[in-house]
file model-v1.tsv (TSV, C-alpha atoms)
chain	number	residue	atom	x	y	z
F	1	MET	CA	-12.87	5.41	-33.29
F	2	ASP	CA	-10.23	6.33	-35.84
F	3	THR	CA	-6.58	5.94	-34.88
F	4	GLU	CA	-5.14	9.23	-33.66
F	5	ARG	CA	-2.69	10.77	-36.14
F	6	ILE	CA	0.16	12.42	-34.23
F	7	ALA	CA	3.58	14.02	-34.38
F	8	VAL	CA	6.03	13.47	-31.53
F	9	LEU	CA	8.35	16.17	-30.21
F	10	ALA	CA	11.79	14.82	-29.29
F	11	HIS	CA	14.17	17.71	-30.01
F	12	GLU	CA	17.85	16.84	-29.53
F	13	LYS	CA	16.95	13.58	-27.76
F	14	PHE	CA	15.82	11.04	-30.38
F	15	PRO	CA	16.14	8.16	-29.95
F	16	ASP	CA	18.32	7.39	-26.93
F	17	ARG	CA	16.92	10.00	-24.54
F	18	ALA	CA	13.34	10.06	-25.76
F	19	LYS	CA	11.85	7.01	-24.06
F	20	THR	CA	8.36	8.50	-24.01
F	21	ALA	CA	8.50	8.94	-27.78
F	22	LEU	CA	9.81	5.41	-28.29
F	23	GLY	CA	7.27	3.91	-25.91
F	24	VAL	CA	4.33	5.51	-27.72
F	25	MET	CA	5.77	4.62	-31.12
F	26	ARG	CA	6.40	1.00	-30.19
F	27	TYR	CA	3.32	0.18	-28.12
F	28	GLY	CA	0.68	2.86	-28.66
F	29	ASP	CA	-2.30	2.73	-31.01
F	30	GLN	CA	-1.46	6.19	-32.36
F	31	GLU	CA	-0.22	6.58	-35.93
F	32	VAL	CA	3.03	8.58	-35.77
F	33	LEU	CA	3.40	10.68	-38.93
F	34	ALA	CA	6.56	12.60	-37.96
F	35	VAL	CA	9.14	13.05	-35.21
F	36	LEU	CA	10.43	16.53	-34.36
F	37	ASP	CA	14.17	16.58	-33.68
F	38	ARG	CA	16.06	19.57	-35.03
F	39	ASP	CA	19.38	17.72	-34.67
F	40	ARG	CA	18.32	14.80	-36.88
F	41	ALA	CA	16.06	16.57	-39.38
F	42	GLY	CA	16.22	14.88	-42.76
F	43	ASP	CA	16.75	11.42	-41.27
F	44	ARG	CA	14.05	8.81	-40.84
F	45	VAL	CA	13.05	6.89	-37.73
F	46	ARG	CA	14.35	3.61	-39.15
F	47	ASP	CA	17.80	5.14	-39.60
F	48	HIS	CA	18.02	4.97	-35.81
F	49	VAL	CA	15.38	2.48	-34.59
F	50	PRO	CA	14.76	-0.28	-37.14
F	51	ASP	CA	12.06	-2.24	-35.30
F	52	ILE	CA	9.28	0.36	-35.15
F	53	ALA	CA	7.08	2.00	-37.77
F	54	ASP	CA	8.99	4.43	-39.96
F	55	ALA	CA	8.36	8.18	-40.15
F	56	PRO	CA	10.30	11.25	-41.24
F	57	ILE	CA	12.31	13.23	-38.72
F	58	VAL	CA	11.72	16.96	-39.16
F	59	SER	CA	12.91	20.20	-37.60
F	60	SER	CA	9.57	21.86	-36.75
F	61	PHE	CA	5.87	21.29	-36.31
F	62	ALA	CA	5.23	23.08	-39.60
F	63	ASP	CA	7.37	20.44	-41.33
F	64	ALA	CA	5.56	17.68	-39.45
F	65	LEU	CA	2.20	19.00	-40.60
F	66	ALA	CA	3.44	19.12	-44.18
F	67	ALA	CA	4.76	15.56	-43.93
F	68	ALA	CA	1.30	14.48	-42.74
F	69	ASP	CA	-0.41	16.26	-45.65
F	70	GLY	CA	-1.93	18.74	-43.22
F	71	ASP	CA	-3.79	16.04	-41.29
F	72	LEU	CA	-2.69	15.70	-37.65
F	73	ASP	CA	-4.80	15.28	-34.53
F	74	ALA	CA	-2.20	15.94	-31.84
F	75	LEU	CA	1.36	16.76	-30.89
F	76	TYR	CA	2.81	14.52	-28.19
F	77	ILE	CA	5.75	15.72	-26.13
F	78	GLY	CA	7.96	12.66	-26.28
F	79	ILE	CA	10.66	13.70	-23.83
F	80	ALA	CA	10.66	13.17	-20.08
F	81	PRO	CA	13.71	15.05	-18.76
F	82	ILE	CA	14.89	14.81	-15.16
F	83	GLY	CA	12.59	17.11	-13.22
F	84	GLY	CA	9.95	17.11	-15.97
F	85	GLY	CA	10.43	20.75	-16.97
F	86	PHE	CA	9.32	22.52	-20.14
F	87	ASP	CA	12.09	23.69	-22.46
F	88	GLU	CA	11.26	27.11	-23.88
F	89	SER	CA	12.78	26.09	-27.20
F	90	TRP	CA	9.71	23.85	-27.65
F	91	ARG	CA	7.21	26.69	-27.28
F	92	SER	CA	7.06	27.70	-30.94
F	93	ASP	CA	6.25	24.13	-31.99
F	94	VAL	CA	3.59	23.75	-29.31
F	95	GLU	CA	2.02	27.05	-30.34
F	96	ALA	CA	2.11	26.05	-34.01
F	97	ALA	CA	0.37	22.76	-33.16
F	98	ILE	CA	-2.37	24.58	-31.26
F	99	GLU	CA	-2.85	27.08	-34.07
F	100	ALA	CA	-3.20	24.17	-36.50
F	101	GLY	CA	-6.06	22.79	-34.43
F	102	CYS	CA	-4.09	19.99	-32.78
F	103	ASP	CA	-4.38	18.84	-29.19
F	104	VAL	CA	-1.12	18.74	-27.24
F	105	VAL	CA	-0.42	15.76	-24.97
F	106	SER	CA	2.31	16.17	-22.36
F	107	GLY	CA	3.77	13.94	-19.68
F	108	LEU	CA	5.80	16.71	-18.05
F	109	HIS	CA	5.62	17.85	-14.45
F	110	TYR	CA	5.15	21.30	-16.01
F	111	PHE	CA	1.43	21.51	-16.70
F	112	LEU	CA	0.56	23.10	-20.03
F	113	ASN	CA	-2.87	24.07	-18.71
F	114	GLU	CA	-1.19	26.27	-16.12
F	115	ASP	CA	0.80	28.12	-18.78
F	116	GLU	CA	-1.38	31.19	-19.31
F	117	GLU	CA	-0.22	31.83	-22.87
F	118	LEU	CA	-0.68	28.25	-24.04
F	119	ALA	CA	-3.99	27.83	-22.22
F	120	ALA	CA	-5.39	31.00	-23.78
F	121	LEU	CA	-4.22	29.95	-27.24
F	122	ALA	CA	-5.76	26.50	-26.82
F	123	ASP	CA	-9.05	28.05	-25.74
F	124	GLU	CA	-8.98	30.36	-28.74
F	125	HIS	CA	-8.50	27.45	-31.15
F	126	GLY	CA	-10.78	24.98	-29.37
F	127	VAL	CA	-8.16	22.32	-28.68
F	128	ASP	CA	-7.22	20.37	-25.57
F	129	LEU	CA	-4.01	20.52	-23.58
F	130	VAL	CA	-3.72	17.10	-21.95
F	131	ASP	CA	-1.46	16.99	-18.88
F	132	VAL	CA	-1.03	13.26	-18.42
F	133	ARG	CA	0.87	13.70	-15.16
F	134	ARG	CA	-1.98	15.54	-13.43
F	135	PRO	CA	-3.38	13.04	-10.89
F	136	PRO	CA	-7.07	12.70	-10.02
F	137	ASP	CA	-8.36	14.94	-7.25
F	138	ASP	CA	-10.05	12.18	-5.25
F	139	LEU	CA	-7.04	10.03	-4.32
F	140	THR	CA	-6.52	9.05	-0.70
F	141	VAL	CA	-4.38	6.78	1.48
F	142	ALA	CA	-4.17	3.04	0.92
F	143	THR	CA	-6.41	0.76	2.95
F	144	GLY	CA	-4.84	-2.61	2.15
F	145	ALA	CA	-7.56	-3.42	-0.39
F	146	SER	CA	-4.96	-4.58	-2.94
F	147	ALA	CA	-4.62	-7.80	-0.96
F	148	ASP	CA	-8.25	-8.61	-1.68
F	149	VAL	CA	-8.36	-8.18	-5.46
F	150	ASP	CA	-9.26	-11.33	-7.36
F	151	ALA	CA	-6.37	-11.05	-9.83
F	152	ASP	CA	-2.80	-12.05	-9.12
F	153	VAL	CA	-0.43	-9.08	-9.17
F	154	LEU	CA	3.01	-9.08	-10.78
F	155	LEU	CA	5.14	-5.96	-10.32
F	156	THR	CA	8.22	-4.98	-12.32
F	157	VAL	CA	10.92	-3.51	-10.09
F	158	GLY	CA	14.27	-2.11	-11.13
F	159	THR	CA	17.93	-1.94	-10.25
F	160	ASP	CA	17.77	1.67	-11.53
F	161	CYS	CA	15.51	4.09	-13.38
F	162	SER	CA	15.31	3.75	-17.18
F	163	VAL	CA	16.07	0.04	-17.32
F	164	GLY	CA	12.91	-1.01	-19.19
F	165	LYS	CA	10.27	-1.70	-16.53
F	166	MET	CA	7.43	-0.39	-18.68
F	167	THR	CA	8.66	-2.30	-21.72
F	168	ALA	CA	9.03	-5.49	-19.69
F	169	SER	CA	5.51	-5.05	-18.28
F	170	LEU	CA	3.95	-4.61	-21.72
F	171	GLU	CA	5.88	-7.52	-23.20
F	172	ILE	CA	4.88	-9.77	-20.29
F	173	VAL	CA	1.22	-8.86	-20.77
F	174	ALA	CA	1.44	-9.55	-24.51
F	175	ALA	CA	3.16	-12.91	-23.96
F	176	ALA	CA	0.68	-13.89	-21.26
F	177	ARG	CA	-2.27	-13.08	-23.52
F	178	GLU	CA	-0.72	-15.19	-26.28
F	179	ARG	CA	-0.83	-18.06	-23.80
F	180	GLY	CA	-4.53	-17.49	-23.09
F	181	ILE	CA	-3.96	-15.77	-19.76
F	182	ASP	CA	-6.33	-12.88	-19.07
F	183	ALA	CA	-3.62	-10.31	-18.30
F	184	ALA	CA	-3.73	-6.50	-18.11
F	185	PHE	CA	-1.17	-3.72	-17.90
F	186	VAL	CA	-1.44	-1.27	-14.98
F	187	PRO	CA	0.31	2.00	-15.94
F	188	THR	CA	1.94	4.15	-13.29
F	189	GLY	CA	3.96	6.60	-15.43
F	190	GLN	CA	3.29	9.15	-18.11
F	191	THR	CA	4.34	7.01	-21.08
F	192	GLY	CA	2.36	4.01	-19.93
F	193	ILE	CA	-0.70	6.21	-19.47
F	194	MET	CA	-0.29	7.63	-22.99
F	195	ILE	CA	-0.13	4.08	-24.36
F	196	ALA	CA	-2.93	2.53	-22.30
F	197	GLY	CA	-5.23	5.55	-22.12
F	198	TRP	CA	-5.69	5.28	-18.34
F	199	GLY	CA	-3.68	5.08	-15.13
F	200	ASN	CA	-2.33	7.16	-12.27
F	201	PRO	CA	0.99	9.07	-12.53
F	202	ILE	CA	2.45	7.92	-9.23
F	203	ASP	CA	5.48	10.20	-9.31
F	204	ARG	CA	3.16	13.21	-9.26
F	205	VAL	CA	0.84	11.99	-6.50
F	206	VAL	CA	1.07	13.43	-2.96
F	207	ALA	CA	3.38	11.06	-1.07
F	208	ASP	CA	0.73	9.96	1.44
F	209	PHE	CA	-1.55	8.96	-1.44
F	210	ALA	CA	0.98	7.11	-3.66
F	211	ALA	CA	0.17	3.63	-2.37
F	212	GLY	CA	-3.52	4.49	-2.46
F	213	ALA	CA	-3.29	5.56	-6.09
F	214	VAL	CA	-1.88	2.15	-7.00
F	215	GLU	CA	-4.48	0.39	-4.89
F	216	GLU	CA	-7.29	2.30	-6.62
F	217	MET	CA	-6.19	1.00	-10.03
F	218	LEU	CA	-5.92	-2.60	-8.85
F	219	VAL	CA	-9.35	-2.50	-7.24
F	220	GLU	CA	-10.75	-1.05	-10.48
F	221	ALA	CA	-9.19	-3.69	-12.74
F	222	GLY	CA	-8.76	-6.67	-10.43
F	223	GLY	CA	-12.21	-8.16	-10.95
F	224	ASP	CA	-11.86	-8.23	-14.73
F	225	HIS	CA	-8.57	-10.12	-15.15
F	226	ASP	CA	-6.57	-13.05	-13.80
F	227	LEU	CA	-3.18	-11.30	-13.89
F	228	LEU	CA	-2.35	-7.62	-13.42
F	229	VAL	CA	1.15	-6.55	-14.41
F	230	VAL	CA	1.99	-3.31	-12.62
F	231	GLU	CA	4.52	-0.98	-14.19
F	232	GLY	CA	7.25	-0.16	-11.67
F	233	GLN	CA	9.07	3.16	-11.37
F	234	GLY	CA	12.57	4.15	-10.29
F	235	SER	CA	14.54	1.92	-7.95
F	236	ILE	CA	14.54	1.27	-4.23
F	237	VAL	CA	18.15	2.51	-4.04
F	238	HIS	CA	17.70	5.56	-6.29
F	239	PRO	CA	18.80	8.76	-4.52
F	240	ALA	CA	15.90	10.72	-6.07
F	241	TYR	CA	13.15	8.28	-7.01
F	242	SER	CA	13.08	5.66	-4.24
F	243	ALA	CA	9.92	7.13	-2.68
F	244	VAL	CA	7.76	6.39	-5.72
F	245	THR	CA	9.28	2.89	-5.92
F	246	CYS	CA	8.31	2.15	-2.33
F	247	GLY	CA	4.82	3.58	-2.81
F	248	ILE	CA	4.17	1.24	-5.75
F	249	LEU	CA	5.71	-1.75	-3.96
F	250	HIS	CA	3.51	-1.35	-0.89
F	251	GLY	CA	0.42	-0.12	-2.71
F	252	SER	CA	0.39	-3.03	-5.17
F	253	MET	CA	0.88	-5.69	-2.49
F	254	ALA	CA	2.32	-7.73	-5.35
F	255	ASP	CA	2.23	-11.52	-5.38
F	256	GLY	CA	5.42	-11.65	-7.44
F	257	LEU	CA	8.21	-9.36	-8.62
F	258	VAL	CA	10.18	-9.20	-11.88
F	259	LEU	CA	13.60	-7.64	-11.32
F	260	CYS	CA	14.59	-5.46	-14.30
F	261	HIS	CA	18.20	-4.53	-15.09
F	262	ALA	CA	20.08	-2.88	-17.94
F	263	ALA	CA	23.01	-5.05	-18.98
F	264	GLY	CA	26.31	-3.36	-18.22
F	265	ARG	CA	24.78	-0.68	-15.97
F	266	GLU	CA	27.06	-0.16	-12.97
F	267	VAL	CA	26.08	3.29	-11.68
F	268	VAL	CA	22.79	5.14	-11.23
F	269	HIS	CA	21.64	6.81	-14.45
F	270	GLY	CA	22.01	10.57	-14.07
F	271	TYR	CA	23.62	10.14	-10.64
F	272	GLU	CA	26.84	8.49	-11.66
F	273	SER	CA	28.57	8.99	-8.30
F	274	PHE	CA	26.25	6.30	-6.91
F	275	GLU	CA	27.18	2.69	-7.68
F	276	LEU	CA	24.54	0.00	-8.13
F	277	PRO	CA	24.56	-2.77	-5.49
F	278	PRO	CA	24.98	-6.42	-6.51
F	279	ILE	CA	21.91	-8.15	-7.93
F	280	THR	CA	21.63	-10.43	-4.90
F	281	GLU	CA	21.20	-7.39	-2.66
F	282	TYR	CA	18.30	-6.12	-4.75
F	283	VAL	CA	16.45	-9.40	-4.30
F	284	ASP	CA	16.81	-9.15	-0.53
F	285	LEU	CA	15.97	-5.43	-0.48
F	286	TYR	CA	12.76	-5.71	-2.46
F	287	GLU	CA	11.52	-8.86	-0.76
F	288	GLY	CA	12.46	-7.58	2.68
F	289	LEU	CA	10.86	-4.18	2.22
F	290	ALA	CA	7.65	-5.71	0.87
F	291	SER	CA	7.23	-8.47	3.45
F	292	PRO	CA	5.86	-6.45	6.42
F	293	VAL	CA	2.99	-5.31	4.17
F	294	HIS	CA	2.59	-8.33	1.87
F	295	GLU	CA	4.83	-11.36	1.46
F	296	THR	CA	6.26	-11.61	-2.06
F	297	ALA	CA	9.27	-12.88	-3.97
F	298	VAL	CA	11.29	-12.11	-7.08
F	299	VAL	CA	10.11	-14.76	-9.55
F	300	ALA	CA	11.99	-13.70	-12.70
F	301	GLY	CA	14.44	-11.25	-14.18
F	302	ALA	CA	14.06	-8.98	-17.22
F	303	VAL	CA	17.37	-7.90	-18.72
F	304	ASN	CA	17.58	-4.96	-21.13
F	305	THR	CA	20.35	-5.83	-23.61
F	306	LYS	CA	19.67	-3.14	-26.21
F	307	ASP	CA	23.21	-1.78	-25.84
F	308	VAL	CA	24.75	-5.23	-26.36
F	309	ALA	CA	25.26	-5.76	-30.07
F	310	ASP	CA	26.38	-9.39	-30.02
F	311	ASP	CA	23.65	-12.00	-29.46
F	312	GLU	CA	25.98	-14.36	-27.62
F	313	ALA	CA	27.11	-11.58	-25.29
F	314	ALA	CA	23.48	-10.65	-24.68
F	315	ALA	CA	22.65	-14.25	-23.79
F	316	ASP	CA	25.62	-14.30	-21.40
F	317	ALA	CA	24.38	-11.08	-19.76
F	318	VAL	CA	20.94	-12.61	-19.23
F	319	ALA	CA	22.43	-15.81	-17.82
F	320	GLU	CA	24.60	-13.80	-15.43
F	321	ILE	CA	21.58	-11.95	-14.01
F	322	ALA	CA	19.55	-15.16	-13.78
F	323	GLU	CA	22.30	-16.84	-11.80
F	324	ALA	CA	22.80	-13.86	-9.50
F	325	ALA	CA	19.08	-13.46	-8.81
F	326	GLY	CA	18.44	-17.19	-8.60
F	327	VAL	CA	15.45	-17.03	-10.97
F	328	PRO	CA	14.78	-17.47	-14.70
F	329	ALA	CA	15.53	-14.37	-16.81
F	330	ALA	CA	15.17	-13.11	-20.36
F	331	ASP	CA	15.39	-9.97	-22.43
F	332	PRO	CA	11.66	-9.64	-23.16
F	333	VAL	CA	12.32	-7.65	-26.36
F	334	ARG	CA	15.22	-9.61	-27.76
F	335	HIS	CA	14.18	-13.08	-26.64
F	336	GLY	CA	10.48	-12.72	-25.85
F	337	ALA	CA	8.86	-12.84	-22.43
F	338	ASP	CA	7.79	-16.50	-22.41
F	339	ALA	CA	10.43	-17.49	-19.84
F	340	ILE	CA	9.16	-14.76	-17.53
F	341	VAL	CA	5.54	-15.88	-17.99
F	342	ASP	CA	6.61	-19.47	-17.31
F	343	ALA	CA	8.26	-18.35	-14.08
F	344	ALA	CA	5.12	-16.48	-13.04
F	345	LEU	CA	2.98	-19.55	-13.76
F	346	ASP	CA	5.40	-21.75	-11.81
F	347	ALA	CA	4.90	-19.37	-8.88
F	348	GLY	CA	1.14	-19.84	-9.19
F	349	LEU	CA	0.43	-16.44	-10.75
F	350	GLY	CA	-2.03	-15.92	-13.59
F	351	VAL	CA	-3.88	-19.15	-12.88
F	352	ASP	CA	-7.64	-18.69	-12.94
F	353	GLU	CA	-9.93	-20.07	-10.26
F	354	GLY	CA	-10.45	-23.24	-12.26
F	355	GLY	CA	-6.74	-23.97	-12.04
F	356	ASN	CA	-5.99	-23.15	-15.67
F	357	GLY	CA	-2.61	-21.66	-16.40
F	358	GLY	CA	-3.46	-20.13	-19.72
F	359	ASP	CA	-2.75	-23.07	-22.02
F	360	GLU	CA	-4.48	-23.31	-25.36
F	361	GLU	CA	-7.15	-25.70	-24.09
F	362	ALA	CA	-8.05	-23.32	-21.28
F	363	ALA	CA	-8.10	-20.37	-23.66
F	364	ASP	CA	-10.58	-22.13	-25.93
F	365	GLU	CA	-13.07	-22.92	-23.17

call {"tool": "encode", "arguments": {"input": "model-v1.tsv", "output": "structure tokens"}}
result
Amino acid sequence: MDTERIAVLAHEKFPDRAKTALGVMRYGDQEVLAVLDRDRAGDRVRDHVPDIADAPIVSSFADALAAADGDLDALYIGIAPIGGGFDESWRSDVEAAIEAGCDVVSGLHYFLNEDEELAALADEHGVDLVDVRRPPDDLTVATGASADVDADVLLTVGTDCSVGKMTASLEIVAAARERGIDAAFVPTGQTGIMIAGWGNPIDRVVADFAAGAVEEMLVEAGGDHDLLVVEGQGSIVHPAYSAVTCGILHGSMADGLVLCHAAGREVVHGYESFELPPITEYVDLYEGLASPVHETAVVAGAVNTKDVADDEAAADAVAEIAEAAGVPAADPVRHGADAIVDAALDAGLGVDEGGNGGDEEAADE
């Protein structure tokens, strides 16, 4: 199958508040031909994010189509605002994409297929509106089956939302595979689903079914891999998102946890009147909340140091979190995820039934 050629809508948010766009651009198989951001039109992606594939930043879908020589397959909405609403200022670009014969892929809580005007236009032009956050209809409550999957389960958990849990999960999987470990990414959010092409959007699932939705994915994938890395969401202390965090924690019945933190973050993102607890409290909170369902432990830390310019200061930030949590830590983007994989292996995770821990000899067998 040919790689999908796409444009990404990120008006007024690229790059710092367009994590869906950045996630797809950094980890997806799609070829990004243009980014829509009316505030940065005329710039290029590498003017702002040097470590991903370059593309022009344009003001409209019409400009994106021109930049792609008239050859685009889809428009992705690359913004995930609080509440997941649809901004009416995007409508003209979405309509232009549909009229050009492009599918539109959205991770919003606002479902494009329920927008009568857009749905009718899509039907007229024979294109698909893909609402990534629409969960399957057959989900149900958890049964505890996650405890019986053959694979070991590693879950990324956070001190806050938007600290890099998806990024850490993907980097851990990549590093584990490099070591010969049969690892797989289990997506639980809209960006992860766009990247992986499967998954359940846990923050849109009926609360009673959240743990079951995680369990369903682990049962589906657990027999095919030695290590499943589950993408966490939110934070157990988040005033808005703690419910989805708990659902994933209990539904995954994880064998190990990776505590993710953004260096320098002291208050809850978007809820700045709430201070973050000390790192040591997070370790106790996550382990204590998990233990009545499935005993687990924090085995490593993943520290997001993207806002720390100096390498020495970044290393100090990682060391500080490692000491506070009492486990090895790394910035999986800046330093690689090998230290996190080592910690997982030391905890007995990702070792196949033959006792192999993913070394080169095991990988060649």

call {"tool": "atom_distance", "arguments": {"input": "model-v1.tsv", "atom1": "CA of Glu295 (chain F)", "atom2": "CA of Gly251 (chain F)"}}
result
12.8 Å

call {"tool": "closest_residue", "arguments": {"input": "model-v1.tsv", "among": "F:Asp226, F:Ile195, F:Glu114, F:Val130", "to": "Leu22 (chain F)", "atoms": "all atoms listed in the file"}}
result
F:Ile195

call {"tool": "atom_distance", "arguments": {"input": "model-v1.tsv", "atom1": "CA of Ile202 (chain F)", "atom2": "CA of Thr188 (chain F)"}}
result
5.6 Å

call {"tool": "atom_distance", "arguments": {"input": "model-v1.tsv", "atom1": "CA of Arg40 (chain F)", "atom2": "CA of Asp16 (chain F)"}}
result
12.4 Å

call {"tool": "residues_around", "arguments": {"input": "model-v1.tsv", "residues": "Leu72 (chain F)", "least_positions_apart": "2", "cutoff": "9 Å", "atoms": "all atoms listed in the file", "output": "list of chain:residue names"}}
result
F:Glu4, F:Arg5, F:Ile6, F:Ala7, F:Leu33, F:Ala64, F:Leu65, F:Ala68, F:Asp69, F:Gly70, F:Ala74, F:Leu75, F:Ala97, F:Ala100, F:Gly101, F:Cys102

call {"tool": "residues_around", "arguments": {"input": "model-v1.tsv", "residues": "region 282-284 of chain F", "least_positions_apart": "5", "cutoff": "9 Å", "atoms": "only C-alpha atoms", "output": "list in words"}}
result
Gly158, Thr159, Ile236, Val237, Leu259, Pro277, Leu289, Ala297, Val298 and Ala325 of chain F

call {"tool": "residues_near_point", "arguments": {"input": "model-v1.tsv", "point": "(7.9, -0.8, -15.6)", "cutoff": "12 Å", "atoms": "only C-alpha atoms", "output": "PyMOL selection string"}}
result
chain F and resi 23+154-173+185-193+229-235+245+248-249+257-261+302+304

call {"tool": "closest_residue", "arguments": {"input": "model-v1.tsv", "among": "F:Leu121, F:Ala184, F:Ala142, F:Ala300", "to": "Ala337 (chain F)", "atoms": "only C-alpha atoms"}}
result
F:Ala300

call {"tool": "closest_residue", "arguments": {"input": "model-v1.tsv", "among": "F:Val351, F:Ile82, F:Met25, F:Ala329", "to": "Gly270 (chain F)", "atoms": "only C-alpha atoms"}}
result
F:Ile82

call {"tool": "residues_around", "arguments": {"input": "model-v1.tsv", "residues": "region 47-58 of chain F", "least_positions_apart": "5", "cutoff": "8 Å", "atoms": "only C-alpha atoms", "output": "list in words"}}
result
Pro15, Met25, Arg26, Val32, Leu33, Ala34, Val35, Leu36, Asp37, Arg38, Arg40, Ala41, Gly42, Asp63, Ala64 and Ala67 of chain F

call {"tool": "closest_residue", "arguments": {"input": "model-v1.tsv", "among": "F:Asp331, F:Met253, F:Tyr241, F:Val293", "to": "His269 (chain F)", "atoms": "only C-alpha atoms"}}
result
F:Tyr241

call {"tool": "closest_residue", "arguments": {"input": "model-v1.tsv", "among": "F:Thr140, F:Ser242, F:Ser60, F:Thr3", "to": "Glu31 (chain F)", "atoms": "all atoms listed in the file"}}
result
F:Thr3

call {"tool": "closest_residue", "arguments": {"input": "model-v1.tsv", "among": "F:Trp90, F:Glu117, F:Tyr76, F:Gly83", "to": "His11 (chain F)", "atoms": "all atoms listed in the file"}}
result
F:Trp90

call {"tool": "residues_around", "arguments": {"input": "model-v1.tsv", "residues": "Ala330 (chain F)", "least_positions_apart": "3", "cutoff": "12 Å", "atoms": "only C-alpha atoms", "output": "PyMOL selection string"}}
result
chain F and resi 168+171-172+258-263+300-305+314-323+327+333-343

call {"tool": "residues_around", "arguments": {"input": "model-v1.tsv", "residues": "Asp131 (chain F)", "least_positions_apart": "3", "cutoff": "8 Å", "atoms": "all atoms listed in the file", "output": "list in words"}}
result
Val105, Ser106, Gly107, Leu108, Phe111, Leu112, Asn113 and Arg134 of chain F

call {"tool": "write_last_selection", "arguments": {"input": "model-v1.tsv", "atoms": "C-alpha atoms", "output": "PDB file, keeping the file's coordinate frame"}}
result
ATOM      1  CA  VAL F 105      -0.420  15.760 -24.970  1.00  0.00           C
ATOM      2  CA  SER F 106       2.310  16.170 -22.360  1.00  0.00           C
ATOM      3  CA  GLY F 107       3.770  13.940 -19.680  1.00  0.00           C
ATOM      4  CA  LEU F 108       5.800  16.710 -18.050  1.00  0.00           C
ATOM      5  CA  PHE F 111       1.430  21.510 -16.700  1.00  0.00           C
ATOM      6  CA  LEU F 112       0.560  23.100 -20.030  1.00  0.00           C
ATOM      7  CA  ASN F 113      -2.870  24.070 -18.710  1.00  0.00           C
ATOM      8  CA  ARG F 134      -1.980  15.540 -13.430  1.00  0.00           C
TER       9      ARG F 134
END
